[in-house]
file query02.txt (compact mmCIF, N, CA and C atoms)
# COMPACT_ATOMS: atom_id res chain seq x y z
N MET A 1423 -119.04 26.20 42.49
CA MET A 1423 -118.33 24.97 42.20
C MET A 1423 -117.08 24.92 43.08
N THR A 1424 -116.89 23.81 43.74
CA THR A 1424 -115.72 23.64 44.60
C THR A 1424 -114.48 23.36 43.74
N PRO A 1425 -113.29 23.57 44.30
CA PRO A 1425 -112.07 23.23 43.55
C PRO A 1425 -112.05 21.77 43.10
N ARG A 1426 -112.52 20.87 43.95
CA ARG A 1426 -112.53 19.44 43.58
C ARG A 1426 -113.46 19.19 42.41
N GLN A 1427 -114.62 19.83 42.42
CA GLN A 1427 -115.56 19.68 41.30
C GLN A 1427 -114.97 20.25 40.02
N ALA A 1428 -114.30 21.39 40.15
CA ALA A 1428 -113.67 22.00 38.97
C ALA A 1428 -112.57 21.08 38.41
N GLU A 1429 -111.77 20.51 39.30
CA GLU A 1429 -110.70 19.61 38.85
C GLU A 1429 -111.27 18.36 38.20
N THR A 1430 -112.32 17.80 38.78
CA THR A 1430 -112.95 16.60 38.21
C THR A 1430 -113.51 16.91 36.82
N SER A 1431 -114.20 18.04 36.70
CA SER A 1431 -114.75 18.44 35.40
C SER A 1431 -113.64 18.64 34.37
N LEU A 1432 -112.58 19.30 34.79
CA LEU A 1432 -111.47 19.54 33.88
C LEU A 1432 -110.80 18.23 33.49
N ALA A 1433 -110.59 17.33 34.43
CA ALA A 1433 -109.97 16.04 34.13
C ALA A 1433 -110.82 15.24 33.15
N ARG A 1434 -112.13 15.25 33.34
CA ARG A 1434 -113.03 14.56 32.41
C ARG A 1434 -113.00 15.20 31.02
N PHE A 1435 -112.96 16.53 30.98
CA PHE A 1435 -112.86 17.24 29.71
C PHE A 1435 -111.57 16.86 29.00
N VAL A 1436 -110.47 16.83 29.75
CA VAL A 1436 -109.17 16.47 29.17
C VAL A 1436 -109.20 15.04 28.64
N LEU A 1437 -109.79 14.12 29.38
CA LEU A 1437 -109.89 12.74 28.89
C LEU A 1437 -110.68 12.68 27.58
N ALA A 1438 -111.77 13.42 27.50
CA ALA A 1438 -112.56 13.45 26.27
C ALA A 1438 -111.75 14.02 25.12
N MET A 1439 -110.99 15.08 25.40
CA MET A 1439 -110.16 15.70 24.36
C MET A 1439 -109.04 14.76 23.91
N VAL A 1440 -108.47 14.01 24.85
CA VAL A 1440 -107.43 13.04 24.49
C VAL A 1440 -108.01 11.97 23.58
N LEU A 1441 -109.25 11.54 23.85
CA LEU A 1441 -109.88 10.54 22.99
C LEU A 1441 -110.09 11.06 21.57
N LEU A 1442 -110.25 12.36 21.41
CA LEU A 1442 -110.33 12.97 20.07
C LEU A 1442 -108.94 13.24 19.50
N TYR A 1443 -108.06 13.74 20.35
CA TYR A 1443 -106.73 14.19 19.96
C TYR A 1443 -105.87 13.05 19.40
N VAL A 1444 -105.87 11.93 20.08
CA VAL A 1444 -104.99 10.82 19.69
C VAL A 1444 -105.31 10.32 18.28
N PRO A 1445 -106.55 9.91 17.98
CA PRO A 1445 -106.78 9.40 16.62
C PRO A 1445 -106.65 10.47 15.54
N LEU A 1446 -107.09 11.70 15.84
CA LEU A 1446 -106.96 12.77 14.85
C LEU A 1446 -105.49 13.08 14.56
N LYS A 1447 -104.69 13.13 15.61
CA LYS A 1447 -103.27 13.43 15.42
C LYS A 1447 -102.58 12.32 14.65
N ILE A 1448 -102.93 11.08 14.94
CA ILE A 1448 -102.35 9.96 14.18
C ILE A 1448 -102.75 10.08 12.71
N TRP A 1449 -104.02 10.36 12.46
CA TRP A 1449 -104.52 10.46 11.09
C TRP A 1449 -103.80 11.58 10.32
N PHE A 1450 -103.65 12.75 10.96
CA PHE A 1450 -102.97 13.86 10.30
C PHE A 1450 -101.47 13.63 10.16
N SER A 1451 -100.88 12.87 11.07
CA SER A 1451 -99.43 12.70 11.09
C SER A 1451 -98.93 11.58 10.21
N VAL A 1452 -99.80 10.70 9.77
CA VAL A 1452 -99.37 9.56 8.95
C VAL A 1452 -98.64 10.05 7.70
N SER A 1453 -99.13 11.13 7.08
CA SER A 1453 -98.48 11.62 5.85
C SER A 1453 -97.08 12.18 6.11
N TYR A 1454 -96.83 12.67 7.33
CA TYR A 1454 -95.51 13.20 7.68
C TYR A 1454 -94.60 12.12 8.26
N GLY A 1455 -95.19 11.05 8.70
CA GLY A 1455 -94.43 9.98 9.32
C GLY A 1455 -94.59 10.02 10.83
N LEU A 1456 -94.89 8.88 11.40
CA LEU A 1456 -95.10 8.82 12.84
C LEU A 1456 -93.81 8.89 13.63
N ASN A 1457 -92.67 8.94 12.93
CA ASN A 1457 -91.39 9.13 13.61
C ASN A 1457 -90.92 10.58 13.50
N ASN A 1458 -91.80 11.46 13.03
CA ASN A 1458 -91.51 12.88 12.93
C ASN A 1458 -91.31 13.47 14.33
N LEU A 1459 -90.33 14.34 14.49
CA LEU A 1459 -90.04 14.89 15.81
C LEU A 1459 -91.21 15.69 16.40
N PHE A 1460 -91.97 16.37 15.56
CA PHE A 1460 -93.12 17.12 16.07
C PHE A 1460 -94.20 16.16 16.56
N TYR A 1461 -94.33 15.01 15.91
CA TYR A 1461 -95.30 14.01 16.37
C TYR A 1461 -94.86 13.44 17.72
N LEU A 1462 -93.56 13.26 17.88
CA LEU A 1462 -93.05 12.76 19.16
C LEU A 1462 -93.34 13.73 20.30
N VAL A 1463 -93.28 15.02 20.01
CA VAL A 1463 -93.65 16.03 21.02
C VAL A 1463 -95.13 15.86 21.39
N ASP A 1464 -95.96 15.58 20.40
CA ASP A 1464 -97.38 15.35 20.66
C ASP A 1464 -97.60 14.10 21.51
N ILE A 1465 -96.81 13.05 21.26
CA ILE A 1465 -96.96 11.82 22.05
C ILE A 1465 -96.68 12.10 23.53
N VAL A 1466 -95.64 12.89 23.81
CA VAL A 1466 -95.34 13.25 25.20
C VAL A 1466 -96.53 14.01 25.80
N GLY A 1467 -97.07 14.96 25.05
CA GLY A 1467 -98.23 15.71 25.52
C GLY A 1467 -99.42 14.82 25.79
N MET A 1468 -99.70 13.89 24.87
CA MET A 1468 -100.82 12.97 25.05
C MET A 1468 -100.63 12.13 26.31
N ALA A 1469 -99.42 11.64 26.51
CA ALA A 1469 -99.13 10.80 27.69
C ALA A 1469 -99.30 11.60 28.97
N LEU A 1470 -98.79 12.84 29.00
CA LEU A 1470 -98.93 13.68 30.18
C LEU A 1470 -100.39 14.03 30.46
N LEU A 1471 -101.14 14.32 29.40
CA LEU A 1471 -102.56 14.62 29.59
C LEU A 1471 -103.32 13.43 30.15
N LEU A 1472 -103.06 12.26 29.59
CA LEU A 1472 -103.73 11.05 30.06
C LEU A 1472 -103.34 10.74 31.51
N TRP A 1473 -102.05 10.77 31.78
CA TRP A 1473 -101.57 10.51 33.14
C TRP A 1473 -102.15 11.53 34.12
N GLY A 1474 -102.11 12.81 33.76
CA GLY A 1474 -102.60 13.86 34.64
C GLY A 1474 -104.08 13.74 34.92
N ALA A 1475 -104.87 13.45 33.89
CA ALA A 1475 -106.31 13.33 34.08
C ALA A 1475 -106.64 12.12 34.96
N LEU A 1476 -105.99 10.99 34.69
CA LEU A 1476 -106.24 9.79 35.50
C LEU A 1476 -105.76 9.99 36.94
N ARG A 1477 -104.63 10.62 37.12
CA ARG A 1477 -104.11 10.91 38.47
C ARG A 1477 -105.06 11.82 39.23
N SER A 1478 -105.57 12.82 38.55
CA SER A 1478 -106.49 13.76 39.16
C SER A 1478 -107.77 13.06 39.61
N LEU A 1479 -108.33 12.23 38.74
CA LEU A 1479 -109.56 11.53 39.09
C LEU A 1479 -109.33 10.50 40.19
N ASP A 1480 -108.15 9.89 40.20
CA ASP A 1480 -107.82 8.89 41.21
C ASP A 1480 -107.62 9.51 42.60
N ALA A 1481 -107.24 10.76 42.64
CA ALA A 1481 -106.91 11.42 43.91
C ALA A 1481 -108.13 11.88 44.69
N ARG A 1482 -109.30 11.81 44.10
CA ARG A 1482 -110.49 12.30 44.79
C ARG A 1482 -110.63 11.66 46.16
N PRO A 1483 -111.01 12.37 47.17
CA PRO A 1483 -111.54 13.73 47.22
C PRO A 1483 -110.45 14.81 47.31
N ASP A 1484 -109.17 14.41 47.34
CA ASP A 1484 -108.10 15.41 47.41
C ASP A 1484 -107.87 16.06 46.05
N LEU A 1485 -107.23 17.22 46.08
CA LEU A 1485 -106.82 17.89 44.85
C LEU A 1485 -105.45 17.35 44.44
N ALA A 1486 -105.27 17.12 43.15
CA ALA A 1486 -103.98 16.66 42.63
C ALA A 1486 -103.82 17.16 41.19
N PRO A 1487 -103.75 18.49 41.02
CA PRO A 1487 -103.70 19.03 39.66
C PRO A 1487 -102.31 19.13 39.04
N GLY A 1488 -101.26 18.70 39.74
CA GLY A 1488 -99.90 18.93 39.27
C GLY A 1488 -99.57 18.32 37.93
N VAL A 1489 -99.78 17.01 37.77
CA VAL A 1489 -99.43 16.35 36.51
C VAL A 1489 -100.38 16.81 35.41
N LEU A 1490 -101.64 17.03 35.76
CA LEU A 1490 -102.60 17.55 34.80
C LEU A 1490 -102.15 18.91 34.28
N CYS A 1491 -101.68 19.74 35.17
CA CYS A 1491 -101.17 21.06 34.79
C CYS A 1491 -99.95 20.92 33.87
N ALA A 1492 -99.07 19.98 34.18
CA ALA A 1492 -97.89 19.77 33.33
C ALA A 1492 -98.30 19.34 31.93
N GLY A 1493 -99.26 18.43 31.84
CA GLY A 1493 -99.73 17.98 30.54
C GLY A 1493 -100.39 19.08 29.75
N ILE A 1494 -101.20 19.87 30.42
CA ILE A 1494 -101.86 20.98 29.74
C ILE A 1494 -100.84 22.03 29.33
N ALA A 1495 -99.87 22.32 30.19
CA ALA A 1495 -98.83 23.30 29.86
C ALA A 1495 -98.03 22.84 28.64
N TRP A 1496 -97.65 21.57 28.63
CA TRP A 1496 -96.88 21.02 27.50
C TRP A 1496 -97.69 21.15 26.21
N THR A 1497 -98.94 20.74 26.27
CA THR A 1497 -99.79 20.75 25.09
C THR A 1497 -100.12 22.18 24.65
N THR A 1498 -100.31 23.07 25.61
CA THR A 1498 -100.58 24.47 25.28
C THR A 1498 -99.39 25.09 24.56
N SER A 1499 -98.19 24.83 25.07
CA SER A 1499 -97.01 25.41 24.41
C SER A 1499 -96.84 24.84 23.01
N ASN A 1500 -97.16 23.57 22.83
CA ASN A 1500 -97.06 22.97 21.51
C ASN A 1500 -98.12 23.55 20.57
N ALA A 1501 -99.33 23.77 21.08
CA ALA A 1501 -100.38 24.38 20.27
C ALA A 1501 -100.02 25.82 19.90
N TRP A 1502 -99.44 26.53 20.86
CA TRP A 1502 -99.00 27.91 20.60
C TRP A 1502 -97.94 27.92 19.49
N ARG A 1503 -96.97 27.00 19.57
CA ARG A 1503 -95.92 26.91 18.56
C ARG A 1503 -96.51 26.61 17.19
N ALA A 1504 -97.44 25.65 17.14
CA ALA A 1504 -98.05 25.29 15.86
C ALA A 1504 -98.85 26.46 15.28
N THR A 1505 -99.59 27.15 16.14
CA THR A 1505 -100.37 28.30 15.68
C THR A 1505 -99.45 29.39 15.15
N ALA A 1506 -98.41 29.71 15.89
CA ALA A 1506 -97.47 30.75 15.47
C ALA A 1506 -96.78 30.36 14.16
N TRP A 1507 -96.40 29.09 14.02
CA TRP A 1507 -95.74 28.64 12.79
C TRP A 1507 -96.69 28.79 11.60
N HIS A 1508 -97.96 28.40 11.76
CA HIS A 1508 -98.92 28.50 10.66
C HIS A 1508 -99.22 29.96 10.31
N VAL A 1509 -99.36 30.81 11.31
CA VAL A 1509 -99.60 32.23 11.05
C VAL A 1509 -98.40 32.82 10.30
N ASP A 1510 -97.20 32.51 10.75
CA ASP A 1510 -96.00 33.02 10.10
C ASP A 1510 -95.90 32.52 8.65
N ALA A 1511 -96.18 31.25 8.44
CA ALA A 1511 -96.13 30.69 7.09
C ALA A 1511 -97.18 31.36 6.20
N PHE A 1512 -98.37 31.56 6.75
CA PHE A 1512 -99.45 32.21 6.00
C PHE A 1512 -99.05 33.63 5.60
N ARG A 1513 -98.43 34.35 6.53
CA ARG A 1513 -97.98 35.73 6.23
C ARG A 1513 -96.91 35.76 5.14
N GLN A 1514 -96.11 34.70 5.07
CA GLN A 1514 -95.05 34.64 4.06
C GLN A 1514 -95.56 34.10 2.72
N GLY A 1515 -96.84 33.79 2.65
CA GLY A 1515 -97.44 33.33 1.40
C GLY A 1515 -97.31 31.84 1.16
N VAL A 1516 -96.90 31.10 2.17
CA VAL A 1516 -96.80 29.65 2.04
C VAL A 1516 -98.21 29.06 1.99
N THR A 1517 -98.43 28.13 1.08
CA THR A 1517 -99.72 27.46 0.99
C THR A 1517 -99.83 26.46 2.14
N ILE A 1518 -100.90 26.59 2.90
CA ILE A 1518 -101.12 25.73 4.06
C ILE A 1518 -102.28 24.79 3.74
N ASP A 1519 -102.07 23.49 3.96
CA ASP A 1519 -103.16 22.54 3.77
C ASP A 1519 -104.30 22.92 4.70
N GLY A 1520 -105.47 23.15 4.14
CA GLY A 1520 -106.62 23.55 4.95
C GLY A 1520 -106.80 25.06 5.00
N GLY A 1521 -105.82 25.80 4.51
CA GLY A 1521 -105.93 27.25 4.45
C GLY A 1521 -106.07 27.92 5.79
N SER A 1522 -106.77 29.05 5.78
CA SER A 1522 -106.91 29.83 7.01
C SER A 1522 -107.77 29.12 8.06
N GLY A 1523 -108.57 28.15 7.63
CA GLY A 1523 -109.39 27.39 8.58
C GLY A 1523 -108.53 26.66 9.60
N VAL A 1524 -107.37 26.19 9.15
CA VAL A 1524 -106.44 25.52 10.06
C VAL A 1524 -105.93 26.51 11.10
N ILE A 1525 -105.62 27.72 10.66
CA ILE A 1525 -105.12 28.73 11.59
C ILE A 1525 -106.19 29.08 12.62
N TRP A 1526 -107.42 29.26 12.19
CA TRP A 1526 -108.50 29.58 13.12
C TRP A 1526 -108.74 28.43 14.09
N THR A 1527 -108.68 27.20 13.58
CA THR A 1527 -108.87 26.04 14.45
C THR A 1527 -107.75 25.94 15.48
N LEU A 1528 -106.51 26.09 15.03
CA LEU A 1528 -105.38 26.05 15.95
C LEU A 1528 -105.46 27.18 16.97
N GLY A 1529 -105.88 28.36 16.52
CA GLY A 1529 -106.03 29.49 17.43
C GLY A 1529 -107.08 29.20 18.50
N ALA A 1530 -108.20 28.61 18.10
CA ALA A 1530 -109.25 28.26 19.07
C ALA A 1530 -108.75 27.21 20.06
N ILE A 1531 -108.05 26.21 19.56
CA ILE A 1531 -107.50 25.17 20.43
C ILE A 1531 -106.52 25.78 21.41
N THR A 1532 -105.69 26.68 20.94
CA THR A 1532 -104.71 27.33 21.81
C THR A 1532 -105.40 28.14 22.91
N ILE A 1533 -106.45 28.86 22.56
CA ILE A 1533 -107.19 29.65 23.56
C ILE A 1533 -107.84 28.72 24.59
N ILE A 1534 -108.45 27.65 24.15
CA ILE A 1534 -109.06 26.69 25.07
C ILE A 1534 -107.99 26.10 26.00
N ALA A 1535 -106.85 25.75 25.42
CA ALA A 1535 -105.75 25.18 26.22
C ALA A 1535 -105.25 26.20 27.24
N LEU A 1536 -105.15 27.47 26.86
CA LEU A 1536 -104.71 28.51 27.80
C LEU A 1536 -105.70 28.67 28.95
N VAL A 1537 -106.99 28.59 28.66
CA VAL A 1537 -108.00 28.67 29.72
C VAL A 1537 -107.84 27.48 30.66
N CYS A 1538 -107.67 26.28 30.10
CA CYS A 1538 -107.47 25.08 30.94
C CYS A 1538 -106.20 25.21 31.78
N LEU A 1539 -105.16 25.78 31.20
CA LEU A 1539 -103.92 25.98 31.94
C LEU A 1539 -104.14 26.95 33.11
N ALA A 1540 -104.86 28.02 32.86
CA ALA A 1540 -105.15 28.97 33.94
C ALA A 1540 -105.94 28.30 35.06
N ILE A 1541 -106.89 27.46 34.69
CA ILE A 1541 -107.68 26.76 35.71
C ILE A 1541 -106.79 25.84 36.54
N THR A 1542 -105.91 25.08 35.88
CA THR A 1542 -105.05 24.17 36.65
C THR A 1542 -104.08 24.94 37.53
N LEU A 1543 -103.60 26.07 37.06
CA LEU A 1543 -102.71 26.88 37.91
C LEU A 1543 -103.46 27.37 39.14
N LEU A 1544 -104.70 27.80 38.96
CA LEU A 1544 -105.52 28.21 40.11
C LEU A 1544 -105.77 27.03 41.05
N LEU A 1545 -105.98 25.85 40.49
CA LEU A 1545 -106.19 24.66 41.32
C LEU A 1545 -104.93 24.31 42.11
N ILE A 1546 -103.76 24.51 41.51
CA ILE A 1546 -102.51 24.27 42.24
C ILE A 1546 -102.40 25.24 43.41
N VAL A 1547 -102.69 26.50 43.17
CA VAL A 1547 -102.66 27.50 44.25
C VAL A 1547 -103.65 27.10 45.34
N GLU A 1548 -104.84 26.70 44.95
CA GLU A 1548 -105.86 26.30 45.92
C GLU A 1548 -105.43 25.05 46.68
N SER A 1549 -104.79 24.10 46.02
CA SER A 1549 -104.35 22.88 46.72
C SER A 1549 -103.27 23.19 47.73
N ARG A 1550 -102.46 24.19 47.47
CA ARG A 1550 -101.42 24.60 48.43
C ARG A 1550 -102.04 25.31 49.63
N ARG A 1551 -103.11 26.06 49.38
CA ARG A 1551 -103.80 26.79 50.46
C ARG A 1551 -104.52 25.84 51.40
N THR A 1552 -105.11 24.78 50.84
CA THR A 1552 -105.93 23.89 51.65
C THR A 1552 -105.16 22.70 52.22
N SER A 1553 -103.89 22.52 51.83
CA SER A 1553 -103.12 21.37 52.36
C SER A 1553 -102.68 21.67 53.79
N PRO A 1554 -102.55 20.60 54.61
CA PRO A 1554 -102.22 20.82 56.03
C PRO A 1554 -100.82 21.32 56.24
call {"tool": "encode", "arguments": {"input": "query02.txt", "output": "C-alpha cells"}}
result
Amino acid sequence: MTPRQAETSLARFVLAMVLLYVPLKIWFSVSYGLNNLFYLVDIVGMALLLWGALRSLDARPDLAPGVLCAGIAWTTSNAWRATAWHVDAFRQGVTIDGGSGVIWTLGAITIIALVCLAITLLLIVESRRTSP
C-alpha cells in the first residue's frame, strides 16, 4: 500500500468514525449539557477530524496528513484523558454509568486512536521525505 492509499483509507475511516462520533457524543452529552466544557473539547476534536479528513482527501494525489494528524492527536489525548478518568474513578469505587464496559470501550477507542495517530505521524515523515 502506498502512502497516498494509506492516507486515503485513513481519511475515509476517520470520516466514518466522525459520522458515528458526532451523534453518539451529542446523545451522551445531552444529560450533562451541551455547554459542558468537556463537550466543547469534543467539538474541537470533531471539527479537526472533519477538516483533516476532508483536507487529506482533497489533496490527492499529494500527501497532506498534517491537519488529520492534529485532529487525531487532539481526539486521542481526549480519549486517553477520559479512559484514565474512568479507570481512576472505578478504582476509587465510584459508580460509573455503564460499569466496566465503558472502561473497556474507552480503552479500545484509545488504542484505535493511538494506532491512527502513529499512522499519521508516519505519513507526515513520508510526506517530508517525498516533497521536493
call {"tool": "atom_distance", "arguments": {"input": "query02.txt", "atom1": "CA of Ser1453 in chain A", "atom2": "atom N of Ile1465 in chain A"}}
result
15.6 Å
call {"tool": "residues_around", "arguments": {"input": "query02.txt", "residues": "range 1439-1444 of chain A", "least_positions_apart": "6", "cutoff": "8 Å", "atoms": "all atoms listed in the file", "output": "PyMOL selection string"}}
result
chain A and resi 1433+1450+1468+1471-1472
call {"tool": "atom_distance", "arguments": {"input": "query02.txt", "atom1": "atom N of Thr1497 in chain A", "atom2": "CA of Gly1467 in chain A"}}
result
5.1 Å
call {"tool": "closest_residue", "arguments": {"input": "query02.txt", "among": "A:Thr1505, A:Gln1514, A:Thr1527, A:Thr1542", "to": "Ala1492 in chain A", "atoms": "only N, CA and C atoms"}}
result
A:Thr1542
call {"tool": "closest_residue", "arguments": {"input": "query02.txt", "among": "A:Arg1503, A:Lys1447, A:Arg1477, A:Arg1426", "to": "Leu1462 in chain A", "atoms": "only C-alpha atoms"}}
result
A:Lys1447
